[in-house]
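Beneath this line is the structure, given in structure tokens, with notes to follow.
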Amino acid sequence: MRFRDRRQAGRELAARLRERQDEGALPDPVVLALPRGGVAVAAEVARTLDAPLDVLVVRKVGAPFHEEFGVGAMAGDGVPVFDRDALRRLGLSEADLAPVVERERTELRRREQLYRQGRPAPEPRGRTVIVVDDGLATGSTARAALRALRSHAPGHLVLAVPVGSPEAAALMLAEADEVVCLYEPAAFMAVGQWYEEFDQLTDEDVLEALHQRQT
């Protein structure tokens, strides 16, 4: 099983979510994409559900000596969510990561301002909030996103992805009220392996998708 691209994945995910909507399980939905990769998927979901589309910016917190090695993540106005096991293995404390957190918080705010262009963030309180990404690997960014949203008291919090590791999907059940993951391959290594086309999206791609949905 491989998706042709994110748009096809989004259409398949949207079809599953539409079934839930038709059952009355997703009242008053708002779709929040995790940029950049999740935006192309989420645009198809929002279109099918006739729901507003916006973004929830998430930033990975990398180890000081190896930025690509994620030890945590942060989303929106939420506090950083750290991988305690990773910190322990690396001999790091939260205080050691303060400069990294500050740098990533600055980038997070920059992207929020760029993507929203003056629009207020959507109000999740009491609504069905569907968080969409293009895949679920370790679950660190999704966890940060879900915890940030949970503090705003959504009525029903859903994580929806086309593909993900079975382990991460199971862990997310403790964070979301519902997890919709179309495929959970046992031999899961990386999200990109399940797409024929998996180009890196740009800020311009994100802005175009948001503009198309809002016009």
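A note on labels: chains of the structure tokens are A, B, ... as shown, every chain counts residues from 1, and ligands are counted from 1 in their shown order.
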
Exercise. Using the chain letters and numbers from this document, which residues of stretch 83-209 of chain A does DSSP assign to alpha helix (DSSP H), as a ChimeraX atom specification?
Worked result: /A:84-90,98-116,140-150,166-172,203-209

Please provide as a PDB file with C-alpha atoms, in the first residue's frame all residues within 12 Å of stretch 117-120 of chain A, with the sequence filter that same-chain residues fewer than 2 positions apart are discarded (counting only C-alpha atoms).
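In the end it all went to part09.pdb:
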ATOM      1  CA  ASP A  54      -6.426  26.329   9.704  1.00  0.00           C
ATOM      2  CA  VAL A  55      -2.983  25.361  10.943  1.00  0.00           C
ATOM      3  CA  ARG A 109       5.586  32.416  16.253  1.00  0.00           C
ATOM      4  CA  ARG A 110       7.080  33.527  12.924  1.00  0.00           C
ATOM      5  CA  ARG A 111       5.286  30.763  11.065  1.00  0.00           C
ATOM      6  CA  GLU A 112       2.017  31.380  12.883  1.00  0.00           C
ATOM      7  CA  GLN A 113       2.110  35.034  11.875  1.00  0.00           C
ATOM      8  CA  LEU A 114       3.040  34.158   8.300  1.00  0.00           C
ATOM      9  CA  TYR A 115       0.340  31.521   7.867  1.00  0.00           C
ATOM     10  CA  PRO A 122      -9.796  29.292  15.642  1.00  0.00           C
ATOM     11  CA  GLU A 123     -11.650  28.781  18.917  1.00  0.00           C
ATOM     12  CA  PRO A 124     -11.654  25.039  19.720  1.00  0.00           C
ATOM     13  CA  LEU A 207      -0.529  29.790   2.157  1.00  0.00           C
ATOM     14  CA  LEU A 210      -5.276  28.040   3.224  1.00  0.00           C
ATOM     15  CA  HIS A 211      -6.283  30.746   0.758  1.00  0.00           C
ATOM     16  CA  GLN A 214     -11.033  30.401   2.782  1.00  0.00           C
TER      17      GLN A 214
END

Exercise. Which polymer residues have any atom within 8 Å of an atom of stretch 86-91 of chain A, counting only C-alpha atoms, with same-chain residues fewer than 3 positions away left out, as a PyMOL selection string?
Worked result: chain A and resi 71+82-83

Problem set entry | Test item, strand (DSSP E) assignment across stretch 12-86 of chain A, answer as an MDAnalysis selection string | chainID A and resid 29:33 53:55 58:63 66:75 81:82

Problem set entry | Residue among A:Ala43, A:Val79, A:Ala170, A:Leu56 lying closest to A:Asp205, counting only C-alpha atoms | A:Ala43

Problem set entry | Exercise: A:Asp199 partners within 10 Å, only C-alpha atoms, chain neighbours under 6 positions left out, as a PyMOL selection string | chain A and resi 5-6+37+192

Restrict the selected residues to N, CA and C atoms and save them as a CSV table (one decimal), in the first residue's frame.
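And here is the file that came out, part-v4.csv:
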chain,number,residue,atom,x,y,z
A,5,ASP,N,0.2,10.6,-3.6
A,5,ASP,CA,0.7,11.9,-3.1
A,5,ASP,C,-0.2,12.2,-1.9
A,6,ARG,N,0.0,13.4,-1.3
A,6,ARG,CA,-0.7,13.8,-0.1
A,6,ARG,C,-2.2,14.1,-0.5
A,37,GLY,N,3.7,19.5,6.0
A,37,GLY,CA,3.2,18.3,5.2
A,37,GLY,C,1.7,18.0,5.4
A,192,GLY,N,7.5,8.9,4.7
A,192,GLY,CA,7.8,9.1,3.3
A,192,GLY,C,7.8,7.8,2.5

Problem set entry | Contacts of A:Val57 within 10 Å, only C-alpha atoms, excl. fewer than 4 positions in-chain, as a PyMOL selection string | chain A and resi 32-36+74-77+107-112+115+141+145

Export of the given selection (N, CA, C and O atoms) as an mmCIF file, in the first residue's frame:
data_model
loop_
_atom_site.group_PDB
_atom_site.id
_atom_site.type_symbol
_atom_site.label_atom_id
_atom_site.label_comp_id
_atom_site.auth_asym_id
_atom_site.auth_seq_id
_atom_site.Cartn_x
_atom_site.Cartn_y
_atom_site.Cartn_z
ATOM 1 N N LEU A 32 -7.543 21.252 11.709
ATOM 2 C CA LEU A 32 -6.267 21.910 11.964
ATOM 3 C C LEU A 32 -5.151 21.046 11.407
ATOM 4 O O LEU A 32 -4.983 19.890 11.807
ATOM 5 N N ALA A 33 -4.395 21.609 10.468
ATOM 6 C CA ALA A 33 -3.296 20.884 9.836
ATOM 7 C C ALA A 33 -2.000 21.143 10.583
ATOM 8 O O ALA A 33 -1.763 22.249 11.080
ATOM 9 N N LEU A 34 -1.145 20.127 10.640
ATOM 10 C CA LEU A 34 0.210 20.302 11.157
ATOM 11 C C LEU A 34 1.105 20.605 9.954
ATOM 12 O O LEU A 34 1.366 19.730 9.131
ATOM 13 N N PRO A 35 1.532 21.867 9.822
ATOM 14 C CA PRO A 35 2.333 22.224 8.638
ATOM 15 C C PRO A 35 3.772 21.769 8.812
ATOM 16 O O PRO A 35 4.235 21.595 9.955
ATOM 17 N N ARG A 36 4.445 21.532 7.667
ATOM 18 C CA ARG A 36 3.852 21.860 6.389
ATOM 19 C C ARG A 36 3.144 20.659 5.758
ATOM 20 O O ARG A 36 2.153 20.800 5.059
ATOM 21 N N MET A 74 6.793 21.247 20.603
ATOM 22 C CA MET A 74 5.866 22.226 21.166
ATOM 23 C C MET A 74 4.897 22.652 20.081
ATOM 24 O O MET A 74 5.219 22.636 18.893
ATOM 25 N N ALA A 75 3.692 23.030 20.510
ATOM 26 C CA ALA A 75 2.659 23.427 19.556
ATOM 27 C C ALA A 75 1.873 24.601 20.111
ATOM 28 O O ALA A 75 1.586 24.658 21.316
ATOM 29 N N GLY A 76 1.525 25.527 19.226
ATOM 30 C CA GLY A 76 0.702 26.655 19.637
ATOM 31 C C GLY A 76 1.287 27.355 20.836
ATOM 32 O O GLY A 76 2.481 27.646 20.908
ATOM 33 N N ASP A 77 0.422 27.598 21.819
ATOM 34 C CA ASP A 77 0.886 28.248 23.045
ATOM 35 C C ASP A 77 1.154 27.239 24.157
ATOM 36 O O ASP A 77 1.295 27.607 25.327
ATOM 37 N N GLU A 107 10.656 30.674 16.064
ATOM 38 C CA GLU A 107 10.308 30.210 14.717
ATOM 39 C C GLU A 107 8.829 29.829 14.649
ATOM 40 O O GLU A 107 8.162 30.077 13.640
ATOM 41 N N LEU A 108 8.313 29.234 15.708
ATOM 42 C CA LEU A 108 6.905 28.869 15.753
ATOM 43 C C LEU A 108 6.035 30.113 15.593
ATOM 44 O O LEU A 108 5.081 30.130 14.807
ATOM 45 N N ARG A 109 6.364 31.175 16.340
ATOM 46 C CA ARG A 109 5.586 32.416 16.253
ATOM 47 C C ARG A 109 5.704 33.045 14.862
ATOM 48 O O ARG A 109 4.726 33.580 14.332
ATOM 49 N N ARG A 110 6.897 32.970 14.265
ATOM 50 C CA ARG A 110 7.080 33.527 12.924
ATOM 51 C C ARG A 110 6.160 32.830 11.930
ATOM 52 O O ARG A 110 5.501 33.485 11.105
ATOM 53 N N ARG A 111 6.119 31.512 12.010
ATOM 54 C CA ARG A 111 5.286 30.763 11.065
ATOM 55 C C ARG A 111 3.799 31.002 11.324
ATOM 56 O O ARG A 111 3.006 31.087 10.380
ATOM 57 N N GLU A 112 3.415 31.088 12.591
ATOM 58 C CA GLU A 112 2.017 31.380 12.883
ATOM 59 C C GLU A 112 1.598 32.711 12.268
ATOM 60 O O GLU A 112 0.524 32.825 11.668
ATOM 61 N N TYR A 115 1.444 32.324 8.376
ATOM 62 C CA TYR A 115 0.340 31.521 7.867
ATOM 63 C C TYR A 115 -1.019 32.171 8.154
ATOM 64 O O TYR A 115 -1.942 32.082 7.339
ATOM 65 N N THR A 141 5.303 15.094 17.721
ATOM 66 C CA THR A 141 4.671 16.348 17.330
ATOM 67 C C THR A 141 3.159 16.276 17.511
ATOM 68 O O THR A 141 2.525 17.247 17.939
ATOM 69 N N ALA A 145 0.738 18.712 19.857
ATOM 70 C CA ALA A 145 -0.425 19.386 19.296
ATOM 71 C C ALA A 145 -1.683 19.050 20.079
ATOM 72 O O ALA A 145 -2.490 19.939 20.414
#

For this session: Measure the distance from atom CA of A:Val132 to atom CA of A:Val41 in Å and round it to one decimal.
Result: 7.1 Å

For this session: Quick one: everything within 8 Å of A:Ala46, counting only C-alpha atoms, minus sequence neighbours fewer than 6 positions away in the same chain. Send it as a PyMOL selection string.
Result: chain A and resi 14+30-31+52-53+213

For this session: Could you give me, as a list in words, the residues within 12 Å of A:Ser140, counting only C-alpha atoms and dropping anything in the same chain fewer than 5 positions from it?
Result: Val58, Arg59, Lys60, Val61, Gly62, Phe69, Gly70, Val71, Gly72, Ala73, Met74, Ala75, Pro80, Val81, Phe82, Asp83, Arg84, Ala86, Gly135, Ala145, Leu146, Arg147, Ala168, Ala169, Leu171, Met172 and Glu175 of chain A

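For the pair atom CA of A:Glu204 and atom CA of A:Ala51, the interatomic distance is 21.8 Å.
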
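For the atom pair formed by atom CA of A:Glu19 and atom CA of A:Ser151, the distance is 27.7 Å, given to one decimal.
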
Could you make a table, as JSON lines, of the residues of stretch 20-133 of chain A that have an atom within 9 Å of an atom of stretch 10-13 of chain A, each with its nearest atom pair and distance in Å to one decimal, counting only C-alpha atoms, in chain and number order?
{"residue": "A:Ala40", "atom": "CA", "partner": "A:Gly10", "partner_atom": "CA", "distance": 7.2}
{"residue": "A:Val41", "atom": "CA", "partner": "A:Gly10", "partner_atom": "CA", "distance": 4.1}
{"residue": "A:Ala42", "atom": "CA", "partner": "A:Gly10", "partner_atom": "CA", "distance": 6.3}
{"residue": "A:Ala43", "atom": "CA", "partner": "A:Gly10", "partner_atom": "CA", "distance": 7.4}
{"residue": "A:Glu44", "atom": "CA", "partner": "A:Gly10", "partner_atom": "CA", "distance": 5.1}
{"residue": "A:Val45", "atom": "CA", "partner": "A:Gly10", "partner_atom": "CA", "distance": 6.0}
{"residue": "A:Thr48", "atom": "CA", "partner": "A:Arg11", "partner_atom": "CA", "distance": 8.0}

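Closest approach to A:Val180 among A:Glu196, A:Asp28, A:Asp133, A:Asp50: A:Asp133, based on only C-alpha atoms.
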